[in-house]
Structure formats: C-alpha cells, structure tokens
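Peer 1: Sharing a structure here in structure tokens format.
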Amino acid sequence: MKKNKKVIASLLAAVMAASLLASCSQGTAEKKGDDQTGNTTTEASGDSKAMVYASDDFNAKFSPFFADTVPDQDITNIVNVPLFPTDRNGAIVYKGIEGEKREYNGQEYTYNGIADLEVTENADGTVYYDIKMKDGVTFSDGEPLTVDDVIFSFYVLSDPTYDGNATVFSTPIQGMKEYRSGVDTLFNLILAAGEENTDFSKWTEEQQKTFWADYKTAVDAFVKEIVDLCVANGLNKEGDSIAACAANYGYEGLKDDATAMDFFNAMLEKYDGSVTKMSAAESAGTQFAELMPSYKDYAVGVETGESAPNISGIQKTGENTLRIVATKVDAQMIYQLAILVAPLHYYGDKAKFDYDKNQFGFPKGDLSSIREKTSKPLGAGTYIFEKYENGVVSFTANDKYFDGAPKVKNFRVNYVSEADRLNSILAGTVDIAAPSFTTEVADAIKKANSNGELSGDKVHTVAVDALGYGYIGINTHNVSVNKEPGSDASKNLRRAFATIFSAYRDLAISTYYGDRASVINYPISNTSWAAPQPTDDGYEIAFSKDAQGNPIYTSDMKDEDKYAAAKQAALGFFEAAGYTVENGKITAAPAGAKMEYEVMIGGGGNGDHPSFMILTEAKKALADIGMTLTVNDLSNSSDMWNKLQAKQAEMWCAAWQATPDPDMFQIYYSDIANGGKEPGGSNYMYQIEDPKLDEMILQARESTDQEYRKTMYKACLDNIIDWACEVPIYQRQEVTTFSSERINVDTITPDMTSFYKWYFEIQNLQLSK
C-alpha cells in the first residue's frame, strides 16, 4: 500500500541513490561521422529537428542533489556529469582523463570522464581516494568545472540538514560525523520541544506558532491520503474511524477515537521520531515536506553543540586535485563518491567559498539556495535544460560537452503512458521509448516490421537483462514451527513449499515470457558479477534436493515425472517439519504450524503475473498431499505491501531491483547480535535472524577484492537458500525501442547493458536524413 512499491522499484537504499546519480557514463566506441542534426520531422515536439524520448511522469525534482524518482534522475544524468563514470559491467572507471579501454562482448570500448582516481589502502586501515580533475571541462554556461565544484557538491551532500536520497554522509569519510554533529534542523528542534515550549532562545514564539499550525495541517493531509487509500482499496469503508484504517495500515492498537495526530505519532515512534524517514517509508502519495509549505523555512540548521568546521577527510591537495580519506575499507565507498558534479557558481555562491577558511559555497545548515533551483538544473552534461511544462522537458545540445557536442541539437523527454509508448513510436510522435517487454509488445513489434523480427524497418529493439529478478518470498516467522523460525523443523516446512514452487518455474516462465526471461537459481540478479554461474564449483539448481540431501530429479525425467518427484520430496519435508503423514498425505500440523497458508500475488485479479502459473500448479500439487495453498490474486497490490510492512504476510510474489554492487545489507542483514537495532531496511519481509549471515555480509563489505567478495556472497546466497525464505524465479529482459525510420540505428549506443543505458552515448545519436 505505501512506500513498499519502492521495494520493487529500488533496492538502492544505502547505495542506489548514489549509483543512479553516478550512472551517466561517458563510454564511447569509435566516433561515427561528422556533426549532424538531421532533418526528420518529429510531430510530438513541435520541432522538426527534435529527438523525443517517452518517459514515465516527472516529480520535477531535476536537482543533482534532490532527484528522487527514476524519470527525474534520468533528466539529471543527462544535464550533469559524474565525477567517475561506470562501464558496461557497472564498474567504476578510474582513468577518465585520457580515457580507459575495457573490453565487453569481444569489443574494446574507451570510457572517458572528467577525473582520474587512485585508491590506496594504507597499513593503518585508512584508505586514500586521490582525485585529479581534467583540465578544460566547463559547465554548459561556459564556467570552468574545477575541484572547487567537487568540494562544494560533497559538502551539500554532507550537510547536517541534507535530506535527499544520496547517502555520502553515511560513508566512513574521516571527520564526517564530527562535521555533522552539534547541528539539527529548526524543524526537528521545534518538534521535539513540543507545542507548549516557552524557551525561545533558538527561535521566536511566532515561528513556533506558525510551525505548529502548518505541521497539524500537513499531518491531517498526510493521514487523509492513507485513509483515502485504505478506502479506495477496499480495506476500509467510507466513514471508518482513523483507528480502523490505521489497523489495516499496520498500526493496530490505537484507541477507538484516535485522531490523525495519534496515528501520525504512532508512525513516528516506529522511526525514532524522524519525520523524514517515516514519510519516505509510510507515505500513501505525497511526502510530508510537500504537504507543509513552510517546511523549507524550518529545514535550516541550528547549532546545538560542538561541531567541526570542516570534514577533515575531504582535502584539497592542489589546484585541480583532491584527496578523500576513509577511516576503513568499504566496498560501497567508491560508488558513493561517484557523485554528479554540480556548479558552485549556480547552486551556491562563489563569494562564500574559501577552502582555507572553511567556507564551502553556502552557510552550513542552510541549503535554501540549492533547494531554490531544484526544478531548474544546470550542469556539464550532454544537454542543457531549457524548460519543463505540460509533461515535457525541453533541452538543447551542450556544444561545450567535454566528450563531444551532441549531433542532435534539440531533444525532448515527454511523459507518455506505458500503454501508448510503442504506438507513439509507430505513429511517429516519439523516437525512443522503453515499453514493458510483454508478449503483446513483442508481437506488435514483429508485426510492424516487414521482416517479422524485433528489429526491422519500423522499430529497432535493444533488449538487456533487467537490473533485478523475480522471486517468491516466505516470511520466516509466519511460516514456522513452534514459533522458532531458525529451527530445522521450520526450515523444512518452508523447503516443502519452495520445492513445489521451484518445480514449476520452467513451465511458468517460458509460458509467460517465452525467450525474454530465464529461470534463476540464486536470489541475485544475473547482471551482477557476484551471481553464481552454472560452470562455477558448487552451483546447484534451487531446492533440488530432498530432506535427506539426495537429488530429487534425474536428467532423463519427463515433466510429469519431475512434478511427481517434487510432491514426494515436499511430503518428506513436511514430515521432517513434524507433520503427521498418513497414506501419502499430511493429516495434522505440529505446534505453531498450519494446514493452510496464503500466498499473495499482484496479478491484477486475472492472473497477469509471471509467477501466477507456478502458484496455480503448486496449489493443485500441495492439495494432493494434504496442504491447502490459498492464492490471493490482488487487483491492486497495495494490500500485499501493507501486510508485508506489518509483518503479517506469509508468502508473496514480487521482484527486486539491484545495484552495480551486490551488497546484501539492505535486504538480509538483521543485526541480531545487537538486538536488531540496525537491521537492513527490507529484512522486515523475511525476518531472517542469523548472526552468521550478518557477519558474512559485513565481511564482504570490508574488502575490495572482487574474488574474495564473490566467494563471501556465494556463501551468503547458500545461507539464504538454506533458510528457504526466498525462491528465486526469473531474470527478465527489458527493452528500449527506437524508430528505425527517424533514428540512424548505426549511431545507437552499442552493447547497451543493464548498467549502460541508451543515453550514455546520446551525443553520438543521429536522426535519419
């Protein structure tokens, strides 16, 4: 129901924001042709020489600091340049100044950037990240891009009042904690002081009155969105109490006459009083800051104690060089440092920048000048932002772009609904689009092309593995024996279900996707360098052994034999879990377990989901051996996310989106050794509590040796499979379509990947003559 839709859209939590912002790489193969703009008419743009891309809708937060949706981040990636680009495998490019050659798919590509990076791990455990900037790079307005712009950008992202998605401040940069301590926002201070506060040493009485009036209005609006959503999704009726709606939103126990503020405070308590964290997690639509118009006036920092005047680990070492000092090795660090470099002279104030005097372009704790330009970006990227209106972002080419001026002068990004994207390509109103790669879309493309293929005279198609994977999840607490989720009995109970689900994966995925998806055997995207491969030692088909550890299947088995063997193996797991088995069926459940379990799936109420066939076949198979599986096909998946958040779900179908680095902290870390005080952000779904797994996840983070990390992550994946809390299902493809009639397909970014998008070499794209 609420933010949990982000579970599918983004696993970026700690690193995704940074990796998305850093992802606009400038890798190029050999340059093709002379500068041209082309002269093909593109009706949607109103400009005969414009190139048009169809996008999801925008939030109009086009700032390199505050963009928080994929469409907005696409815009910022086009307008700005990253400090370090990434290659087609998602790896950071270290030598951007002269260009770094790397091979992919048998082709050598050169990746150019605006900086060089050298990483040194020291004997005392510290790490130096030495950065040298490329000379001659300018922003689109002609102002030079220098190391001062990099420092300014880091200080914005590290400010005590920064509340965007990037998490640079969470890295082990020396002096970061000292710089961010001793300062809090006026918002947090007034909120903590309470409405009856009489100490006005840090703010005026009028400020406090205005705050509480606006705060209450925003609270009412925030809660109303939740109530309206509960009613719209049939969880509550019109006129139900706030307490009744709160209960369906995962907050039971409120008094019958609870107010909007009571509900809001109950949510706040869960997030340690942080309105920002609570809003990001629980919003049913609009973020709290957007519901409180005066929020920006209270987002300024106020000194509350001692605070360092600078970040000691951000060191300007020369006219065009910088050193970042980390206190320890952190594999995530390099991606966090790959920020988009924003212009100091535009977002900040050059008169307020003096590195030696600890002045960094804006008053510490006051990001108002940066926030004011959130919807009007300026950068050093391929295109110059002109305007945004009526769902259309308009650009002109940045002739000063360091890696070559774009061939197409005018560019538009239009909001186009998902259902209309392919039709827009065929109708000539859009040149580039990324529709969902369904069977219907694939068939429509083949029908449009005279050769009957996915690439032809009308549409050119580029398909890559999606940056993520589909799975069936099982909550370890809700599917357990005797309320002991980590016991062998509980694991065997979950293995019984997982074995049946796994048996029908090939049938279901080939039926739904054809050759546009493949079955996977580990809970990790195949796009990751850490994903086990069939040729690796120890590689196994998921849930293919019985309770005694023997293989369930043989190579000569037919499908029906395979399904029968899976049922027999599942029966063995149920028996090992403590179920009573008589005449080939379970007849009684052990303490804390049941004879019926529910699995939720967002199939729109009509089974439109890649895993739906798995569930229908599994339901029949389980019924044959005495277990009832209730398949809840939801017309709106919000109820599923609501139950997941409330830790009430038993089993569900969903998908994860991955990041260039395969860090597993966000999903599986429990912090069980410390009472779960710092669990991974999404482990509430599985509720794994495994100190061994926690230790391995942290150990993998504390090394940059990829081979060592791959070994550690394989051990983590085996552990997760052992818990039987997640059944890996499929790796699907995603597609970008180009108009073959209006785009010169020979100039499309070659060898696109999950990490290397179509616009990473947008400067080379040409329109057809």
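Residues in the structure tokens are numbered from 1 in each chain, the chains being A, B, ... in the order shown, and ligands are numbered from 1 in the order shown.
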Quick one: residues within 9 Å of Gly391 of chain A, only C-alpha atoms counted, chain neighbours fewer than 3 positions away excluded, as a ChimeraX atom specification?

Peer 2: /A:57-58,388,413-416

Peer 1: Output as a list in words all residues of segment 98-153 of chain A that backbone DSSP marks as helix (DSSP H, G or I).

Peer 2: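 These are the residues in question: Val147, Asp148, Asp149, Val150, Ile151, Phe152 and Ser153 of chain A.
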
Peer 1: Which residues are near Asp240 of chain A? Cut-off 10 Å, only C-alpha atoms, ignore same chain within fewer than 3 positions. Put them as an MDAnalysis selection string.

Peer 2: chainID A and resid 227 230:231 236:237 243:245

Peer 1: I'd like to know which of A:Asp366, A:Asp74, A:Glu290, A:Glu143 is closest to Pro160 of chain A, using only C-alpha atoms.

Peer 2: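 Among the listed residues, the smallest separation from Pro160 of chain A belongs to A:Asp366.
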
Peer 1: I need the residue nearest Val137 of chain A from this list: A:Val519, A:Leu322, A:Met752, A:Val341. Use only C-alpha atoms for the distance.

Peer 2: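 That would be A:Val341, the residue with the smallest distance to Val137 of chain A.
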